[in-house]
Amino acid sequence: MAVREIIRMGHPTLRQVARPLELAELSSPRIAELVQDMVDTLRQAGGIGLAAPQINEPLRLAIIEIPGGASRYGETPSMPLTVFVNPEIELLEGDSAGYWEGCLSVPGLRGFIERPQHIRVRALDMNGAPIELELHGLFATVFQHEFDHLDGTLYVDRLKDSRLLVFEDMLHTALVDDF
Ligand code: ZN
């Protein structure tokens with residue numbers, strides 16, 4: 001196991017479009033090791049999602065693990081550790097809603113980002129088998145945030161108003177209702 005360095009905003013890899021994985025690569029020791037490193041890194045950092053580019057590996061690979069229960073987003077359902085290879089998002093009919101998003105690559109800051117709240121995700125698992133999920137609410141936001149990393153996009157790019165970007169320890173004074 002290895003906890004890897006999480007690269008921060010300003011590192012060029014975070015702005016790259018990551019390349020898809022070939023099916024044959026999924027069974028390679030290098031990718032198995034990379035996924036294990038991502039899990040170790042995510043858990044050590046205490047996050048709920050990590051994309052490979054965040055540890056400087058520009059590949060279309062992301063993991064999500066949501067412990068559920070009380071979190072900074074309030075009471076949320078859980079999602080066991082899941083690996084998503086070459087994921088794609090389809091926006092489904094529904095409203096958008098905003099959350100104060102944080103990012104392990106943008107430490108110390110939070111931004112209020114509105115995103116569609118009903119999506120379908122298609123991806124492969126580590127065995128190359130298809131995964132299909134329909135997601136609502138916070139989960140829809142988390143997946144869009146993570147998969148944005150595979151296209152070189154950070155949540156700050158989606159800010160509608162720079163007043164909605166605050167330091168984490170100032171969040172209690174941010175009046176989101178004013179916007
Ligand atoms: Zn992020």
# chains A, B, ... in the order shown; residues from 1 in each chain; ligands from 1

call {"tool": "closest_atom_pairs", "arguments": {"of": "chain A", "to": "ligand 1", "cutoff": "8 Å", "atoms": "only C-alpha atoms and all ligand atoms", "output": "tab-separated table"}}
result
residue	atom	partner	partner_atom_place_in_ligand_line	distance
A:Gly49	CA	ligand 1	1 (Zn)	7.5
A:Leu50	CA	ligand 1	1 (Zn)	6.8
A:Ala51	CA	ligand 1	1 (Zn)	7.5
A:Gln54	CA	ligand 1	1 (Zn)	7.7
A:Gly102	CA	ligand 1	1 (Zn)	6.8
A:Cys103	CA	ligand 1	1 (Zn)	3.8
A:Leu104	CA	ligand 1	1 (Zn)	5.6
A:Ser105	CA	ligand 1	1 (Zn)	5.9
A:Val106	CA	ligand 1	1 (Zn)	7.3
A:His145	CA	ligand 1	1 (Zn)	6.1
A:Glu146	CA	ligand 1	1 (Zn)	5.8
A:His149	CA	ligand 1	1 (Zn)	6.6
A:Leu154	CA	ligand 1	1 (Zn)	6.5
A:Tyr155	CA	ligand 1	1 (Zn)	7.0

call {"tool": "residues_around", "arguments": {"residues": "Ile6 (chain A)", "least_positions_apart": "2", "cutoff": "12 Å", "atoms": "only C-alpha atoms", "output": "PyMOL selection string"}}
result
chain A and resi 3-4+8-9+11+13-14+37-38+40-42+44-45+47+50-57+103-107

call {"tool": "closest_residue", "arguments": {"among": "A:Glu22, A:Asp157, A:Glu132, A:Glu168", "to": "Pro87 (chain A)", "atoms": "only C-alpha atoms"}}
result
A:Glu132

call {"tool": "closest_residue", "arguments": {"among": "A:Glu33, A:Asp151, A:Glu90, A:Glu25", "to": "Arg60 (chain A)", "atoms": "only C-alpha atoms"}}
result
A:Asp151

call {"tool": "residues_around", "arguments": {"residues": "Arg15 (chain A)", "least_positions_apart": "2", "cutoff": "7 Å", "atoms": "only C-alpha atoms", "output": "ChimeraX atom specification"}}
result
/A:12-13,17,152-153

call {"tool": "closest_residue", "arguments": {"among": "A:Gln144, A:Gln36, A:Asn86, A:Ser96", "to": "Ala123 (chain A)", "atoms": "only C-alpha atoms"}}
result
A:Asn86

call {"tool": "select_by_dssp", "arguments": {"residues": "region 29-174 of chain A", "states": "helix (DSSP H, G or I)", "output": "number ranges by chain"}}
result
A: 29-45, 52-55, 137-151, 155-158, 162-164, 168-173

call {"tool": "select_by_dssp", "arguments": {"residues": "region 70-114 of chain A", "states": "strand (DSSP E or B)", "output": "ChimeraX atom specification"}}
result
/A:70-71,74-76,79-91,96-101,109-114

call {"tool": "atom_distance", "arguments": {"atom1": "CA of Ile7 (chain A)", "atom2": "CA of Gly108 (chain A)"}}
result
13.9 Å

call {"tool": "closest_residue", "arguments": {"among": "A:Met126, A:Ile113, A:Ala97, A:Val83", "to": "Ala24 (chain A)", "atoms": "only C-alpha atoms"}}
result
A:Met126
